[in-house]
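work.pdb (PDB, C-alpha atoms)
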ATOM      1  CA  ASP A   1       0.000   0.000   0.000  1.00  0.00           C
ATOM      2  CA  GLY A   2       2.684   2.519   0.973  1.00  0.00           C
ATOM      3  CA  VAL A   3       4.940   1.773  -2.007  1.00  0.00           C
ATOM      4  CA  GLN A   4       2.048   1.958  -4.478  1.00  0.00           C
ATOM      5  CA  ARG A   5       0.760   5.144  -2.819  1.00  0.00           C
ATOM      6  CA  ASP A   6       4.186   6.803  -3.092  1.00  0.00           C
ATOM      7  CA  LEU A   7       4.930   5.684  -6.660  1.00  0.00           C
ATOM      8  CA  LEU A   8       1.612   6.461  -8.335  1.00  0.00           C
ATOM      9  CA  PRO A   9       1.953  10.274  -8.219  1.00  0.00           C
ATOM     10  CA  LEU A  10       5.329   9.954  -9.954  1.00  0.00           C
ATOM     11  CA  ILE A  11       3.905   8.083 -12.941  1.00  0.00           C
ATOM     12  CA  GLU A  12       0.415   9.588 -13.102  1.00  0.00           C
ATOM     13  CA  GLY A  13      -0.638  10.397 -16.655  1.00  0.00           C
ATOM     14  CA  THR A  14       2.438   8.829 -18.237  1.00  0.00           C
ATOM     15  CA  ASN A  15       3.176   5.742 -20.308  1.00  0.00           C
ATOM     16  CA  VAL A  16       5.337   3.226 -18.465  1.00  0.00           C
ATOM     17  CA  SER A  17       7.492   0.700 -20.329  1.00  0.00           C
ATOM     18  CA  THR A  18       7.264  -2.840 -18.957  1.00  0.00           C
ATOM     19  CA  LYS A  19       8.351  -6.305 -20.154  1.00  0.00           C
ATOM     20  CA  GLN A  20       4.826  -6.756 -21.496  1.00  0.00           C
ATOM     21  CA  GLY A  21       4.843  -3.437 -23.375  1.00  0.00           C
ATOM     22  CA  THR A  22       3.794   0.133 -22.684  1.00  0.00           C
ATOM     23  CA  VAL A  23       1.198   0.676 -19.952  1.00  0.00           C
ATOM     24  CA  LYS A  24      -0.924   3.810 -19.691  1.00  0.00           C
ATOM     25  CA  THR A  25      -1.410   4.940 -16.085  1.00  0.00           C
ATOM     26  CA  ASP A  26      -4.998   6.132 -16.626  1.00  0.00           C
ATOM     27  CA  ASN A  27      -6.338   2.809 -15.296  1.00  0.00           C
ATOM     28  CA  ILE A  28      -5.498   1.033 -12.077  1.00  0.00           C
ATOM     29  CA  LEU A  29      -5.738  -2.731 -11.589  1.00  0.00           C
ATOM     30  CA  PHE A  30      -6.687  -3.809  -8.099  1.00  0.00           C
ATOM     31  CA  ILE A  31      -6.740  -7.564  -7.538  1.00  0.00           C
ATOM     32  CA  GLU A  32      -9.972  -7.568  -5.482  1.00  0.00           C
ATOM     33  CA  SER A  33     -12.080  -5.383  -7.777  1.00  0.00           C
ATOM     34  CA  GLY A  34     -10.499  -5.657 -11.212  1.00  0.00           C
ATOM     35  CA  ASP A  35      -9.678  -2.942 -13.711  1.00  0.00           C
ATOM     36  CA  PHE A  36     -11.421   0.419 -13.377  1.00  0.00           C
ATOM     37  CA  PRO A  37     -10.746   3.821 -14.951  1.00  0.00           C
ATOM     38  CA  GLN A  38      -9.256   6.171 -12.395  1.00  0.00           C
ATOM     39  CA  GLN A  39      -6.766   8.968 -11.943  1.00  0.00           C
ATOM     40  CA  PRO A  40      -4.144   7.865  -9.412  1.00  0.00           C
ATOM     41  CA  THR A  41      -4.562  10.983  -7.263  1.00  0.00           C
ATOM     42  CA  ASN A  42      -8.282  10.239  -6.822  1.00  0.00           C
ATOM     43  CA  HIS A  43      -7.476   6.662  -5.947  1.00  0.00           C
ATOM     44  CA  LEU A  44      -4.853   7.739  -3.432  1.00  0.00           C
ATOM     45  CA  SER A  45      -7.315  10.036  -1.692  1.00  0.00           C
ATOM     46  CA  GLY A  46      -9.595   7.026  -1.085  1.00  0.00           C
ATOM     47  CA  ASN A  47     -12.075   7.615  -3.882  1.00  0.00           C
ATOM     48  CA  GLY A  48     -12.871   5.378  -6.793  1.00  0.00           C
ATOM     49  CA  CYS A  49     -11.919   1.809  -5.990  1.00  0.00           C
ATOM     50  CA  PRO A  50     -15.205  -0.136  -5.940  1.00  0.00           C
ATOM     51  CA  ALA A  51     -13.897  -2.571  -3.304  1.00  0.00           C
ATOM     52  CA  CYS A  52     -12.096  -0.237  -0.923  1.00  0.00           C
ATOM     53  CA  GLY A  53     -13.132   3.331  -1.640  1.00  0.00           C
ATOM     54  CA  ASN A  54     -13.714   5.506   1.393  1.00  0.00           C
ATOM     55  CA  TYR A  55     -16.766   7.518   0.430  1.00  0.00           C
ATOM     56  CA  GLY A  56     -17.738  10.181   2.863  1.00  0.00           C
ATOM     57  CA  PHE A  57     -17.678  10.939   6.507  1.00  0.00           C
ATOM     58  CA  ASP A  58     -18.829   8.564   9.268  1.00  0.00           C
ATOM     59  CA  PRO A  59     -20.262  10.603  12.172  1.00  0.00           C
ATOM     60  CA  MET A  60     -19.924   7.647  14.538  1.00  0.00           C
ATOM     61  CA  LEU A  61     -16.135   7.365  14.174  1.00  0.00           C
ATOM     62  CA  PRO A  62     -13.448   9.631  15.654  1.00  0.00           C
ATOM     63  CA  ALA A  63     -12.896  12.701  13.495  1.00  0.00           C
ATOM     64  CA  ILE A  64     -10.774  15.758  12.931  1.00  0.00           C
ATOM     65  CA  LEU A  65     -12.146  19.244  12.416  1.00  0.00           C
ATOM     66  CA  TYR A  66      -9.615  21.157  10.347  1.00  0.00           C
ATOM     67  CA  TYR A  67      -9.063  24.705   9.167  1.00  0.00           C
ATOM     68  CA  ILE A  68      -6.645  25.115   6.270  1.00  0.00           C
ATOM     69  CA  LYS A  69      -5.337  27.827   3.999  1.00  0.00           C
ATOM     70  CA  VAL A  70      -5.424  26.877   0.315  1.00  0.00           C
ATOM     71  CA  GLU A  71      -3.240  28.852  -2.083  1.00  0.00           C
ATOM     72  CA  VAL A  72      -3.190  28.356  -5.856  1.00  0.00           C
ATOM     73  CA  LYS A  73      -1.364  30.920  -7.985  1.00  0.00           C
ATOM     74  CA  ASN A  74      -2.869  34.268  -6.940  1.00  0.00           C
ATOM     75  CA  SER A  75      -5.981  32.843  -5.238  1.00  0.00           C
ATOM     76  CA  ILE A  76      -6.309  32.124  -1.529  1.00  0.00           C
ATOM     77  CA  GLY A  77      -9.155  30.441   0.303  1.00  0.00           C
ATOM     78  CA  TYR A  78      -9.704  29.211   3.839  1.00  0.00           C
ATOM     79  CA  LYS A  79     -11.456  25.869   4.265  1.00  0.00           C
ATOM     80  CA  VAL A  80     -13.090  24.333   7.286  1.00  0.00           C
ATOM     81  CA  GLY A  81     -13.857  20.641   7.138  1.00  0.00           C
ATOM     82  CA  ILE A  82     -14.159  17.321   8.892  1.00  0.00           C
ATOM     83  CA  THR A  83     -12.581  13.975   8.138  1.00  0.00           C
ATOM     84  CA  ASN A  84     -12.213  10.528   9.649  1.00  0.00           C
ATOM     85  CA  ARG A  85      -8.752  10.345   8.073  1.00  0.00           C
ATOM     86  CA  SER A  86      -5.611  12.391   8.608  1.00  0.00           C
ATOM     87  CA  ILE A  87      -5.219  15.701   6.770  1.00  0.00           C
ATOM     88  CA  ARG A  88      -2.424  14.150   4.697  1.00  0.00           C
ATOM     89  CA  GLU A  89      -4.673  11.248   3.659  1.00  0.00           C
ATOM     90  CA  ARG A  90      -7.580  13.583   2.915  1.00  0.00           C
ATOM     91  CA  PHE A  91      -5.528  15.937   0.709  1.00  0.00           C
ATOM     92  CA  TYR A  92      -2.730  13.579  -0.361  1.00  0.00           C
ATOM     93  CA  SER A  93      -2.242  14.893  -3.881  1.00  0.00           C
ATOM     94  CA  GLU A  94      -2.734  18.553  -2.953  1.00  0.00           C
ATOM     95  CA  MET A  95      -0.611  19.051   0.153  1.00  0.00           C
ATOM     96  CA  ASP A  96       1.586  21.500  -1.780  1.00  0.00           C
ATOM     97  CA  LYS A  97      -1.395  23.912  -1.919  1.00  0.00           C
ATOM     98  CA  ILE A  98      -2.317  23.603   1.760  1.00  0.00           C
ATOM     99  CA  LEU A  99      -1.177  25.107   5.028  1.00  0.00           C
ATOM    100  CA  VAL A 100      -2.852  23.542   8.064  1.00  0.00           C
ATOM    101  CA  LEU A 101      -3.821  26.354  10.435  1.00  0.00           C
ATOM    102  CA  HIS A 102      -5.740  24.376  13.060  1.00  0.00           C
ATOM    103  CA  THR A 103      -6.977  20.867  13.845  1.00  0.00           C
ATOM    104  CA  GLU A 104      -9.147  19.597  16.641  1.00  0.00           C
ATOM    105  CA  SER A 105      -9.808  15.928  17.387  1.00  0.00           C
ATOM    106  CA  TYR A 106     -13.212  14.563  18.387  1.00  0.00           C
ATOM    107  CA  GLU A 107     -13.981  11.122  19.770  1.00  0.00           C
ATOM    108  CA  VAL A 108     -17.343  11.170  17.984  1.00  0.00           C
ATOM    109  CA  GLY A 109     -17.495  12.582  14.468  1.00  0.00           C
ATOM    110  CA  PHE A 110     -20.972  14.026  14.947  1.00  0.00           C
ATOM    111  CA  ASP A 111     -19.526  16.535  17.433  1.00  0.00           C
ATOM    112  CA  ALA A 112     -17.004  17.656  14.793  1.00  0.00           C
ATOM    113  CA  TYR A 113     -19.848  17.960  12.285  1.00  0.00           C
ATOM    114  CA  LYS A 114     -21.865  20.200  14.642  1.00  0.00           C
ATOM    115  CA  GLU A 115     -18.872  22.504  15.149  1.00  0.00           C
ATOM    116  CA  GLU A 116     -18.205  22.647  11.404  1.00  0.00           C
ATOM    117  CA  GLN A 117     -21.847  23.587  10.741  1.00  0.00           C
ATOM    118  CA  LYS A 118     -21.695  26.304  13.382  1.00  0.00           C
ATOM    119  CA  ILE A 119     -18.657  27.872  11.661  1.00  0.00           C
ATOM    120  CA  LEU A 120     -20.195  27.550   8.185  1.00  0.00           C
ATOM    121  CA  ASN A 121     -23.422  29.213   9.284  1.00  0.00           C
ATOM    122  CA  GLN A 122     -21.717  31.969  11.268  1.00  0.00           C
ATOM    123  CA  TYR A 123     -19.521  33.018   8.322  1.00  0.00           C
ATOM    124  CA  ALA A 124     -21.795  32.153   5.366  1.00  0.00           C
ATOM    125  CA  GLU A 125     -21.472  35.673   3.924  1.00  0.00           C
ATOM    126  CA  TYR A 126     -17.748  35.039   3.266  1.00  0.00           C
ATOM    127  CA  LYS A 127     -18.278  31.918   1.124  1.00  0.00           C
ATOM    128  CA  PHE A 128     -15.523  31.632  -1.496  1.00  0.00           C
ATOM    129  CA  LYS A 129     -16.531  32.466  -5.059  1.00  0.00           C
ATOM    130  CA  GLY A 130     -14.132  31.682  -7.849  1.00  0.00           C
ATOM    131  CA  ASP A 131     -12.397  28.913  -9.738  1.00  0.00           C
ATOM    132  CA  PRO A 132     -11.862  25.663  -7.820  1.00  0.00           C
ATOM    133  CA  LEU A 133      -8.732  25.708  -5.677  1.00  0.00           C
ATOM    134  CA  LEU A 134      -8.932  22.005  -4.820  1.00  0.00           C
ATOM    135  CA  THR A 135      -9.905  19.058  -6.997  1.00  0.00           C
ATOM    136  CA  SER A 136     -12.844  18.467  -4.673  1.00  0.00           C
ATOM    137  CA  GLY A 137     -14.035  22.028  -5.332  1.00  0.00           C
ATOM    138  CA  ASN A 138     -14.566  24.997  -3.058  1.00  0.00           C
ATOM    139  CA  THR A 139     -17.059  23.535  -0.597  1.00  0.00           C
ATOM    140  CA  GLU A 140     -16.757  24.862   2.962  1.00  0.00           C
ATOM    141  CA  MET A 141     -14.299  27.490   1.723  1.00  0.00           C
ATOM    142  CA  PHE A 142     -14.164  31.161   2.670  1.00  0.00           C
ATOM    143  CA  SER A 143     -12.666  34.130   0.853  1.00  0.00           C
ATOM    144  CA  ILE A 144     -11.132  35.532   4.057  1.00  0.00           C
ATOM    145  CA  ASP A 145      -9.534  34.093   7.194  1.00  0.00           C
ATOM    146  CA  VAL A 146     -12.784  33.967   9.181  1.00  0.00           C
ATOM    147  CA  LEU A 147     -11.142  32.336  12.218  1.00  0.00           C
ATOM    148  CA  GLU A 148      -8.192  34.757  12.124  1.00  0.00           C
ATOM    149  CA  LEU A 149      -5.609  32.017  12.504  1.00  0.00           C
ATOM    150  CA  ASP A 150      -3.326  32.838   9.555  1.00  0.00           C
ATOM    151  CA  THR A 151      -0.286  34.571  11.040  1.00  0.00           C
ATOM    152  CA  ASN A 152       1.624  34.733   7.732  1.00  0.00           C
TER     153      ASN A 152
END
Let me see the structure of the file written as C-alpha cells.
Amino acid sequence: DGVQRDLLPLIEGTNVSTKQGTVKTDNILFIESGDFPQQPTNHLSGNGCPACGNYGFDPMLPAILYYIKVEVKNSIGYKVGITNRSIRERFYSEMDKILVLHTESYEVGFDAYKEEQKILNQYAEYKFKGDPLLTSGNTEMFSIDVLELDTN
C-alpha cells in the first residue's frame, strides 16, 4: 500500500514501459475489484476503488475538524472541514497547496460535524466564489480568514 501510494503520483498520466509493453497509467488494476478507470490521485485520496473506496464521513467514528489555507497561484481560500482520516490522507495529492492552520480531534465525528456547521453558518457571507482551488471544489471554503488564525 505505501509503495504503491508513493509511486503512483510519480507516474500519473504517463506511459510506463514494462516487459509486457507500454502501460498507460490512466487505469489502475486492483486484484480484489479488477480494472477500473481512475486517476491515481483520486485513488490515493480514497475515492474510486469499488472494493475499498472511502466515500464520505462517518459521524460515529473519531474525526478531525480542520481549518486550512489553500493557495493556488494568486488565489487564496480558507477551508473548514471534517474527516475521519488524517489531513495528509484527505488531501494527499494537494498538500503543496495547503497550510494547516488548526486541527481539533473529536472522539465522535458528529460533534465535529456540529462545530463545522456552526462555523459555516456563522460566516456564510464570506463563502468563497471563484475557480476551484482544490480538486474536490470549493465547498466549505471562505474568501477571508474567518477564524483569524493565519499569522503569515
Neighbour list for Asp150 in chain A as JSON, numbers by chain, cut-off 8 Å, all atoms listed in the file, skip fewer than 4 positions in-chain: {"A": [69, 101, 145]}
The selected residues should be written to file as a PDB file, in the frame of the given file (atoms: C-alpha atoms).
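Saved file again-v8.pdb follows:
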ATOM      1  CA  LYS A  69      -5.337  27.827   3.999  1.00  0.00           C
ATOM      2  CA  LEU A 101      -3.821  26.354  10.435  1.00  0.00           C
ATOM      3  CA  ASP A 145      -9.534  34.093   7.194  1.00  0.00           C
TER       4      ASP A 145
END
Among the residues A:Pro59, A:Thr22, A:Val80, A:Glu125, the one that comes closest to Glu107 in chain A [using all atoms listed in the file]: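 Comparing A:Pro59, A:Thr22, A:Val80, A:Glu125 against Glu107 in chain A, the winner is A:Pro59.
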Matched chain/residue IDs from the PyMOL selection byres ((chain A and resi 127) around 12), as a list in words: Gly77, Tyr78, Lys79, Val80, Ile119, Leu120, Asn121, Gln122, Tyr123, Ala124, Glu125, Tyr126, Phe128, Lys129, Gly130, Asn138, Thr139, Glu140, Met141, Phe142, Ser143, Ile144, Asp145 and Val146 of chain A
Pairwise distance for CA of Ile87 in chain A and CA of Leu61 in chain A, rounded to one decimal in Å: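 Going from CA of Ile87 in chain A over to CA of Leu61 in chain A, I get 15.6 Å.
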Residues matched by the PyMOL selection byres ((chain A and resi 88) around 12), written as a list of chain:residue names: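 Applying the PyMOL selection byres ((chain A and resi 88) around 12) to the structure shown produces A:Leu44, A:Ser45, A:Gly46, A:Ile64, A:Tyr66, A:Ile68, A:Thr83, A:Asn84, A:Arg85, A:Ser86, A:Ile87, A:Glu89, A:Arg90, A:Phe91, A:Tyr92, A:Ser93, A:Glu94, A:Met95, A:Asp96, A:Lys97, A:Ile98, A:Leu99, A:Val100.
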d(CA of Glu104 in chain A, CA of Ala63 in chain A) in Å: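 If I compute the distance from CA of Glu104 in chain A to CA of Ala63 in chain A, I get 8.5 Å.
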Picked residues, the PyMOL selection byres ((chain A and resi 60) around 7), as a list in words: Asp58, Pro59, Leu61, Pro62, Val108, Gly109 and Phe110 of chain A
Straight-line distance linking CA of Val70 in chain A with CA of Thr151 in chain A, stated in Å to one decimal: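 Between these atoms lies a distance of 14.2 Å.
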